[in-house]
Structure formats: C-alpha cells, structure tokens
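Containing mmCIF, C-alpha atoms and all ligand atoms: data02.cif.
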data_input
#
loop_
_atom_site.label_atom_id
_atom_site.label_comp_id
_atom_site.auth_asym_id
_atom_site.auth_seq_id
_atom_site.Cartn_x
_atom_site.Cartn_y
_atom_site.Cartn_z
CA MET C 1 -3.27 24.35 -10.02
CA THR C 2 -1.50 21.01 -10.24
CA THR C 3 -2.60 17.62 -11.47
CA THR C 4 -0.02 15.91 -9.26
CA PRO C 5 -1.92 13.38 -7.16
CA LYS C 6 -1.71 13.70 -3.40
CA PRO C 7 1.02 11.49 -1.97
CA LEU C 8 -0.13 8.33 -0.26
CA VAL C 9 1.77 6.72 2.62
CA ILE C 10 0.70 3.28 3.77
CA GLY C 11 2.09 1.54 6.84
CA ASN C 12 2.01 -2.25 6.62
CA TRP C 13 2.44 -3.56 10.14
CA LYS C 14 2.54 -7.18 8.98
CA MET C 15 2.32 -9.60 11.95
CA ASN C 16 3.55 -7.04 14.47
CA LEU C 17 1.90 -5.17 17.36
CA ASP C 18 -0.90 -6.70 19.42
CA TYR C 19 -4.01 -4.63 20.02
CA VAL C 20 -2.58 -2.88 23.10
CA GLU C 21 0.54 -1.85 21.18
CA ALA C 22 -1.64 -0.86 18.22
CA VAL C 23 -3.72 1.47 20.42
CA HIS C 24 -0.54 3.03 21.75
CA LEU C 25 0.87 3.65 18.28
CA GLY C 26 -2.50 4.94 17.05
CA GLN C 27 -2.65 7.43 19.92
CA GLN C 28 0.92 8.60 19.29
CA LEU C 29 0.20 9.13 15.59
CA GLY C 30 -2.99 10.98 16.47
CA VAL C 31 -1.15 13.41 18.77
CA MET C 32 1.63 13.98 16.23
CA LEU C 33 -0.80 14.61 13.39
CA LYS C 34 -2.76 17.05 15.54
CA ASN C 35 0.43 19.00 16.29
CA LYS C 36 1.60 18.92 12.68
CA PRO C 37 -1.19 17.90 10.30
CA ALA C 38 -0.22 16.28 7.01
CA GLU C 39 -2.43 18.48 4.90
CA HIS C 40 -1.49 17.11 1.51
CA THR C 41 -0.85 13.46 2.22
CA ASP C 42 -3.22 10.52 2.43
CA ILE C 43 -2.29 8.16 5.25
CA VAL C 44 -3.30 4.53 5.72
CA VAL C 45 -2.33 2.07 8.44
CA VAL C 46 -2.64 -1.63 7.74
CA PRO C 47 -2.62 -3.53 11.04
CA PRO C 48 -3.18 -7.23 11.70
CA PHE C 49 -6.89 -8.18 11.60
CA VAL C 50 -7.17 -8.35 15.39
CA ASP C 51 -6.12 -4.69 15.72
CA ILE C 52 -8.48 -3.28 13.12
CA ARG C 53 -11.42 -2.54 15.41
CA SER C 54 -9.19 -0.73 17.91
CA MET C 55 -7.62 1.36 15.15
CA THR C 56 -10.90 2.39 13.53
CA SER C 57 -12.30 3.29 16.97
CA ILE C 58 -9.33 5.54 17.81
CA ILE C 59 -9.38 7.17 14.41
CA GLU C 60 -13.10 7.90 14.72
CA SER C 61 -13.06 9.08 18.33
CA GLU C 62 -9.90 11.20 17.96
CA ARG C 63 -10.81 12.35 14.43
CA ILE C 64 -7.43 11.34 13.04
CA ALA C 65 -7.01 11.94 9.30
CA MET C 66 -6.06 8.39 8.53
CA ASP C 67 -7.64 5.34 6.86
CA VAL C 68 -7.35 1.71 7.86
CA GLY C 69 -6.48 -1.10 5.48
CA ALA C 70 -6.30 -4.88 5.66
CA GLN C 71 -3.29 -7.01 4.76
CA HIS C 72 -5.35 -9.71 3.11
CA VAL C 73 -8.93 -10.71 2.33
CA SER C 74 -10.68 -13.77 0.97
CA ALA C 75 -11.74 -13.84 -2.66
CA TYR C 76 -14.97 -15.52 -1.46
CA ASP C 77 -17.97 -13.67 -0.08
CA ASN C 78 -18.77 -16.00 2.82
CA GLY C 79 -19.00 -19.67 3.75
CA ALA C 80 -16.82 -22.57 4.83
CA TYR C 81 -13.37 -20.96 4.54
CA THR C 82 -11.84 -21.47 7.97
CA GLY C 83 -9.45 -18.71 8.97
CA GLU C 84 -10.51 -16.31 6.23
CA ILE C 85 -12.08 -12.84 6.39
CA SER C 86 -14.48 -11.40 3.81
CA THR C 87 -14.72 -7.97 2.21
CA THR C 88 -18.13 -7.50 3.85
CA MET C 89 -16.60 -8.06 7.29
CA LEU C 90 -13.88 -5.51 6.55
CA LYS C 91 -16.38 -2.93 5.35
CA ARG C 92 -18.44 -3.32 8.53
CA LEU C 93 -15.31 -2.30 10.44
CA ASN C 94 -14.82 0.80 8.25
CA VAL C 95 -11.79 -0.61 6.50
CA GLN C 96 -11.21 1.22 3.21
CA TRP C 97 -8.13 -0.40 1.67
CA VAL C 98 -6.80 -3.90 1.06
CA LEU C 99 -3.29 -4.98 0.07
CA VAL C 100 -3.38 -7.61 -2.64
CA GLY C 101 -0.45 -9.65 -3.94
CA HIS C 102 2.13 -8.67 -1.34
CA SER C 103 5.27 -10.66 -2.13
CA GLU C 104 5.17 -12.33 1.28
CA ARG C 105 1.71 -13.71 0.54
CA ARG C 106 2.71 -14.68 -2.99
CA ALA C 107 5.78 -16.52 -1.69
CA MET C 108 4.52 -18.04 1.58
CA TYR C 109 0.80 -18.60 1.03
CA ASP C 110 0.59 -19.81 -2.57
CA MET C 111 -0.90 -16.58 -3.82
CA THR C 112 -0.71 -17.25 -7.54
CA ASP C 113 -1.57 -14.67 -10.20
CA GLU C 114 -5.01 -16.34 -10.44
CA VAL C 115 -5.64 -15.84 -6.72
CA VAL C 116 -4.37 -12.26 -6.97
CA LEU C 117 -6.86 -11.65 -9.77
CA SER C 118 -9.85 -13.16 -7.96
CA THR C 119 -8.96 -11.36 -4.72
CA LEU C 120 -8.53 -8.03 -6.48
CA GLN C 121 -11.87 -8.51 -8.21
CA ALA C 122 -13.58 -9.26 -4.88
CA VAL C 123 -12.03 -6.16 -3.32
CA VAL C 124 -13.10 -3.70 -6.01
CA ARG C 125 -16.54 -5.31 -6.42
CA SER C 126 -17.13 -4.56 -2.75
CA GLY C 127 -16.10 -0.91 -3.25
CA LEU C 128 -12.89 -1.18 -1.24
CA LYS C 129 -9.68 0.34 -2.58
CA VAL C 130 -6.96 -2.06 -3.65
CA VAL C 131 -3.19 -1.72 -3.44
CA LEU C 132 -1.81 -4.20 -5.96
CA CYS C 133 1.76 -5.13 -5.02
CA VAL C 134 4.19 -6.11 -7.75
CA GLY C 135 7.93 -6.60 -7.80
CA GLU C 136 10.72 -8.88 -8.85
CA ALA C 137 13.13 -11.18 -7.02
CA LEU C 138 16.86 -10.47 -7.09
CA SER C 139 17.50 -13.20 -9.72
CA VAL C 140 15.00 -11.50 -12.06
CA ARG C 141 16.67 -8.12 -11.58
CA GLU C 142 20.13 -9.66 -12.14
CA ALA C 143 18.86 -11.07 -15.44
CA ASN C 144 17.51 -7.59 -16.27
CA GLU C 145 14.02 -9.04 -16.71
CA GLN C 146 12.27 -6.88 -14.12
CA ASN C 147 10.19 -4.90 -16.63
CA ASP C 148 8.74 -8.00 -18.29
CA PHE C 149 8.14 -9.54 -14.88
CA VAL C 150 6.10 -6.70 -13.47
CA THR C 151 4.29 -6.17 -16.78
CA GLN C 152 3.02 -9.71 -16.53
CA GLN C 153 1.97 -9.19 -12.89
CA LEU C 154 0.11 -6.00 -13.78
CA LYS C 155 -1.59 -7.42 -16.83
CA SER C 156 -2.69 -10.63 -15.18
CA ALA C 157 -4.35 -8.64 -12.38
CA LEU C 158 -5.69 -5.60 -14.20
CA GLU C 159 -6.30 -6.39 -17.88
CA GLY C 160 -9.99 -6.13 -18.63
CA LEU C 161 -10.87 -4.58 -15.26
CA ASP C 162 -14.19 -2.81 -15.56
CA GLU C 163 -13.63 0.92 -16.00
CA LYS C 164 -15.93 1.72 -13.09
CA PHE C 165 -13.34 0.19 -10.74
CA HIS C 166 -10.31 2.04 -12.08
CA GLU C 167 -10.38 4.79 -9.48
CA LEU C 168 -10.04 2.16 -6.75
CA VAL C 169 -6.64 0.96 -7.95
CA THR C 170 -3.21 1.88 -6.56
CA VAL C 171 -0.05 -0.01 -7.54
CA ALA C 172 2.92 -0.56 -5.22
CA TYR C 173 6.28 -1.50 -6.72
CA GLU C 174 8.10 -3.55 -4.14
CA PRO C 175 11.26 -5.29 -5.34
CA ILE C 176 11.45 -8.41 -3.18
CA TRP C 177 15.18 -7.95 -2.62
CA ALA C 178 14.52 -4.58 -0.94
CA ILE C 179 11.75 -5.64 1.43
CA GLY C 180 12.83 -5.78 5.05
CA THR C 181 16.47 -6.15 4.00
CA GLY C 182 17.69 -2.59 4.50
CA LEU C 183 18.60 -2.62 0.78
CA THR C 184 16.72 0.21 -0.90
CA ALA C 185 16.37 0.35 -4.66
CA SER C 186 18.28 3.34 -6.00
CA SER C 187 16.31 6.35 -7.13
CA ASP C 188 17.45 5.55 -10.71
CA GLN C 189 16.08 2.01 -10.43
CA VAL C 190 12.83 3.28 -8.93
CA GLY C 191 12.59 6.09 -11.49
CA ALA C 192 13.05 3.73 -14.45
CA MET C 193 10.54 1.27 -13.03
CA THR C 194 8.01 4.01 -12.28
CA ILE C 195 8.13 5.18 -15.91
CA HIS C 196 7.68 1.60 -17.06
CA LEU C 197 4.78 0.94 -14.69
CA ARG C 198 3.03 4.13 -15.71
CA SER C 199 3.31 3.23 -19.39
CA VAL C 200 1.84 -0.25 -18.82
CA LEU C 201 -0.91 1.25 -16.65
CA ALA C 202 -1.68 3.78 -19.39
CA GLN C 203 -2.05 0.91 -21.89
CA LEU C 204 -4.57 -0.58 -19.48
CA SER C 205 -6.39 2.78 -19.28
CA LEU C 206 -5.20 3.07 -15.69
CA GLY C 207 -2.80 5.95 -16.19
CA ALA C 208 -4.33 7.89 -13.29
CA ALA C 209 -3.52 5.18 -10.73
CA ARG C 210 -1.06 6.19 -8.03
CA VAL C 211 2.27 4.33 -8.10
CA LEU C 212 4.01 3.73 -4.77
CA TYR C 213 7.41 2.35 -3.90
CA GLY C 214 8.06 -0.06 -1.05
CA GLY C 215 11.29 -1.58 0.22
CA SER C 216 13.22 -0.35 3.26
CA VAL C 217 11.86 3.20 3.00
CA ASN C 218 12.73 5.46 5.90
CA GLY C 219 12.84 9.13 6.84
CA GLU C 220 16.29 9.51 5.29
CA ASN C 221 15.70 8.07 1.82
CA ALA C 222 12.05 9.10 1.32
CA ALA C 223 12.73 12.55 -0.18
CA THR C 224 15.12 11.25 -2.85
CA LEU C 225 12.88 8.34 -3.77
CA LEU C 226 9.92 10.67 -4.07
CA GLY C 227 11.72 13.38 -6.02
CA GLU C 228 14.00 11.36 -8.29
CA GLY C 229 12.05 8.10 -8.25
CA GLY C 230 8.89 9.90 -9.33
CA VAL C 231 6.56 7.84 -7.15
CA ASP C 232 3.31 9.05 -5.58
CA GLY C 233 4.16 7.78 -2.12
CA PHE C 234 5.24 4.71 -0.21
CA LEU C 235 4.25 1.35 1.16
CA VAL C 236 6.24 1.15 4.36
CA GLY C 237 6.93 -1.92 6.49
CA GLY C 238 9.49 -1.69 9.31
CA ALA C 239 9.53 2.10 9.56
CA SER C 240 5.75 2.20 10.07
CA LEU C 241 6.02 0.43 13.43
CA LYS C 242 7.35 3.50 15.24
CA ALA C 243 5.41 6.76 15.28
CA GLU C 244 8.50 8.95 14.77
CA SER C 245 9.85 7.10 11.72
CA PHE C 246 6.42 6.76 10.09
CA MET C 247 5.67 10.43 10.71
CA SER C 248 8.99 11.51 9.25
CA ILE C 249 8.12 9.74 5.96
CA ILE C 250 4.66 11.33 6.00
CA GLN C 251 6.09 14.80 6.64
CA THR C 252 8.62 14.34 3.83
CA CYS C 253 5.80 13.54 1.41
CA ASP C 254 3.80 16.48 2.65
CA ASP C 255 6.72 18.91 2.26
CA CYS C 256 7.63 17.56 -1.21
CA TYR C 257 4.06 17.99 -2.38
CA ASP C 258 4.07 21.58 -1.17
CA VAL C 259 7.26 22.26 -3.13
CA LYS C 260 5.93 20.58 -6.30
CA ARG C 261 2.68 22.57 -6.39
C1 LIG J 301 6.59 -4.15 2.90
O1 LIG J 301 6.56 -5.23 3.45
O2 LIG J 301 5.61 -3.81 2.21
C2 LIG J 301 7.78 -3.32 3.05
C3 LIG J 301 7.99 -2.38 2.19
O3 LIG J 301 8.60 -3.57 4.12
P1 LIG J 301 9.93 -2.75 4.57
O4 LIG J 301 9.61 -1.29 4.50
O5 LIG J 301 10.22 -3.21 5.94
O6 LIG J 301 11.00 -3.11 3.58
#

Target format structure tokens, applied to this file:
Amino acid sequence: MTTTPKPLVIGNWKMNLDYVEAVHLGQQLGVMLKNKPAEHTDIVVVPPFVDIRSMTSIIESERIAMDVGAQHVSAYDNGAYTGEISTTMLKRLNVQWVLVGHSERRAMYDMTDEVVLSTLQAVVRSGLKVVLCVGEALSVREANEQNDFVTQQLKSALEGLDEKFHELVTVAYEPIWAIGTGLTASSDQVGAMTIHLRSVLAQLSLGAARVLYGGSVNGENAATLLGEGGVDGFLVGGASLKAESFMSIIQTCDDCYDVKR
C-alpha cells in the first residue's frame, strides 16, 4: 500500500472557449477517457462561468470521471455585487472546486492577500474545495526571495484555518514568470520549492494537502516535473484547451502513479 496521494490535474481554461467549444472539448475528453480511463488521477476542468452548466451536464449524462471548478467566486454570500457569483450558485451547478489567488486575478483585479483570505474562507465554509495559487514574479526569483514570498502568501491565506476545512485545501505553485510564457521552471526549481511548500504547510498542520505545479506544463515536461519536482499534479492553462494535450498530461500522471505504487 502507498500513502502517495492520487495525482490531480486541473485544466484552467481562463477566458477561452465559448459554450459550444466547451461542449465539443468535453465530449472529446469523455470519449478519450472512456477509451483509456485515468484510473489513478483526479481530473478537474475549470471553464468560464458561462460554460459551467454545459460541462456539468455532459459529465453527468456521459458519466465522465471529472469534476468541474470555477476560476473565481465572490467572498460574499449574496446581495448587491454586480457581476459576481456566489459559492451557493456554484454549488447548485455541481461545481466542486474553486481557484483562489490565481496570479492573473491578483495582478489584474486587485486581489490582495486580504481578498484571497476572505474568498478562501467563503469557499471552504461552503464545503467547496479550494486551490490556493501562490508564486513569485521574476524579480523576486532573481533576488532569490521566492521562499519568503510564497511563505507569506501561504500564511496569510491559511494560518488559523479551522482544522475541519484542512481536507478541502490544495496548493498550486505557479511562478508568474512561467505562466503562459512557454518558460517552465526546472525540475530542480520545482523540487526545491515543493520541499519548501510542504514544510510550511506542515507547520500549518496542512502537511496532507496536495501540492501542484503550474506554468507552461505540457505532455513533454510533465513526467520530469512530476518525478523530479515531487509535485502531486498540475494546474494547466494553455495545454488544457486541446483534448490531446490535456489527456497526455493526465496519462503521464496516471502512468507515474502506477510506477510509484
Ligand atoms: C495557469 O494559468 O494556471 C497556467 C499554468 O497557465 P499555462 O499552463 O498556460 O502556463
């Protein structure tokens, strides 16, 4: 028996694919997973809000072994917050995961550490699973301050979190300089950061949380990042928009898990 957690692969579609394209991709993934099931890997797709209903419908009707997540949610329960979506609304659509603190939201939508904290609290209070995204900018890495930087991001979001919510937490390390740039962090860089993240998480009594890597992951680099980087899976942007490339990352995780057991 192994205590290695099952790999987790999450596809963040960002603001790509309208609902027709989403249905098409969902159907393709469904067929591929039926032909070659990913028995040991948890899979989540995170489409734009307007695609969520279509995705949950396909997954239910085709019985695809895949969860749906949201890219964002309001920290408020309901009320006069034009343009926002609540955790209750997501749950009614069978959403199970929410990304919180993605660097694009931190940078472009004023998502401060305080907003990350209140959003994360709203997510876990509602019973949804949270993927807390952390990661440094290139200038921070060049100053060799990445460990302190992510420690502060982790602590400000997770310190004092009620123990009953711990099982809902996953952390994704996404160096900003590697997101959507084609620049992947080396397996040494990912490995060192994974050890660091796990030690901070252990201090916070969250040592069992899965740690993912995100940043230009594809079918070619996934095996090395998983094996040498020591992560529990991936948060994937660009490569999740095509069924073949997303599936190749999923299959890599599935095969690696088989070997590790
Ligand atoms: C992301 O946005 O979470 C991401 C990892 O994107 P990409 O894979 O395109 O770098």

TODO: Check every protein, DNA and RNA residue against ligand LIG 301 (chain J), keep those with an atom at most 9 Å away (counting only C-alpha atoms and all ligand atoms), and present them as a PyMOL selection string.
DONE: chain C and resi 10-14+102-104+133+172+174-184+213-218+234-240

Show which residues sit within 6 Å of segment 185-194 of chain C, as a compact mmCIF listing (two decimals) with C-alpha atoms, in the coordinates of the input. Count all atoms listed in the file, and ignore same-chain residues fewer than 2 positions away.
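The resulting file, selection_22.txt, is shown below:
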# COMPACT_ATOMS: atom_id res chain seq x y z
CA HIS C 196 7.68 1.60 -17.06
CA LEU C 197 4.78 0.94 -14.69
CA LEU C 225 12.88 8.34 -3.77
CA GLU C 228 14.00 11.36 -8.29
CA GLY C 229 12.05 8.10 -8.25
CA GLY C 230 8.89 9.90 -9.33

Give me, as a tab-separated table, the closest atom pair and its distance (Å, one decimal) for every residue of segment 11-124 of chain C within a cut-off of 7 Å of segment 147-166 of chain C, counting all atoms listed in the file, rows sorted by chain and rising number.
residue	atom	partner	partner_atom	distance
C:Asp113	CA	C:Ser156	CA	6.5
C:Val116	CA	C:Ala157	CA	6.5
C:Leu117	CA	C:Ala157	CA	4.7
C:Val124	CA	C:Phe165	CA	6.1

Open item on the list: For a quick check of understanding, using only C-alpha atoms, which of C:Asn16, C:Thr41, C:Gln28, C:Gln203 has the smallest distance to Asp255 of chain C?
Closed with: C:Thr41

Open item on the list: Using all atoms listed in the file, can you tell me which of C:Met55, C:Ala38, C:Lys6, C:Leu168 comes closest to His24 of chain C?
Closed with: C:Met55

Task: Separation of atom CA of Leu25 of chain C from atom CA of Val100 of chain C in Å - done: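 It comes out at 24.1 Å.
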
Open item on the list: Please compute the atom CA of Lys34 of chain C-atom CA of Glu21 of chain C distance, one decimal, in Å.
Closed with: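 One can read the atom CA of Lys34 of chain C to atom CA of Glu21 of chain C distance as 20.0 Å.
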
Against segment 76-84 of chain C, which residues of segment 119-190 of chain C fall within 12 Å? For each one I want the closest pair of atoms and the distance in Å (one decimal), counting only C-alpha atoms, rows by chain and increasing residue number, as JSON lines.
{"residue": "C:Thr119", "atom": "CA", "partner": "C:Tyr76", "partner_atom": "CA", "distance": 8.0}
{"residue": "C:Leu120", "atom": "CA", "partner": "C:Tyr76", "partner_atom": "CA", "distance": 11.1}
{"residue": "C:Gln121", "atom": "CA", "partner": "C:Tyr76", "partner_atom": "CA", "distance": 10.2}
{"residue": "C:Ala122", "atom": "CA", "partner": "C:Tyr76", "partner_atom": "CA", "distance": 7.3}
{"residue": "C:Val123", "atom": "CA", "partner": "C:Tyr76", "partner_atom": "CA", "distance": 10.0}
{"residue": "C:Arg125", "atom": "CA", "partner": "C:Asp77", "partner_atom": "CA", "distance": 10.6}
{"residue": "C:Ser126", "atom": "CA", "partner": "C:Asp77", "partner_atom": "CA", "distance": 9.5}

Open item on the list: As an exercise, work out the distance from atom CA of Leu99 of chain C to atom CA of Thr112 of chain C in Å and give it to one decimal place.
Closed with: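 The value is 14.7 Å.
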
Task: Answer as a list of chain:residue names, residues within 8 Å of (2.0, -5.0, 17.2) using all atoms listed in the file - done: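 Applying the cut-off with all atoms listed in the file, one gets C:Trp13, C:Met15, C:Asn16, C:Leu17, C:Asp18, C:Tyr19, C:Val20, C:Glu21, C:Ala22, C:Pro47, C:Pro48, C:Leu241.
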
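Comparing the minimum interatomic distances between Gln146 of chain C and each of C:Met108, C:Val134, C:Val46, C:Cys256, counting only C-alpha atoms, we find that C:Val134 sits nearest.
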
- [ ] Tell me which of C:Leu93, C:Asp42, C:Pro37, C:Met66 sits closest to Arg210 of chain C, counting all atoms listed in the file.
- [x]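 Closest to Arg210 of chain C of all the choices is C:Asp42.
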
Open item on the list: Need the shell around Ala65 of chain C: protein/DNA/RNA residues with any atom at most 8 Å away, counting all atoms listed in the file. Skip same-chain ones fewer than 6 positions apart. Format as an MDAnalysis selection string?
Closed with: chainID C and resid 33 42:43 59

File of the preceding selection, C-alpha atoms, as a PDB file, in the coordinates of the input:
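Okay, this is what ended up in selection-v8.pdb:
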ATOM      1  CA  LEU C  33      -0.800  14.610  13.390  1.00  0.00           C
ATOM      2  CA  ASP C  42      -3.220  10.520   2.430  1.00  0.00           C
ATOM      3  CA  ILE C  43      -2.290   8.160   5.250  1.00  0.00           C
ATOM      4  CA  ILE C  59      -9.380   7.170  14.410  1.00  0.00           C
TER       5      ILE C  59
END
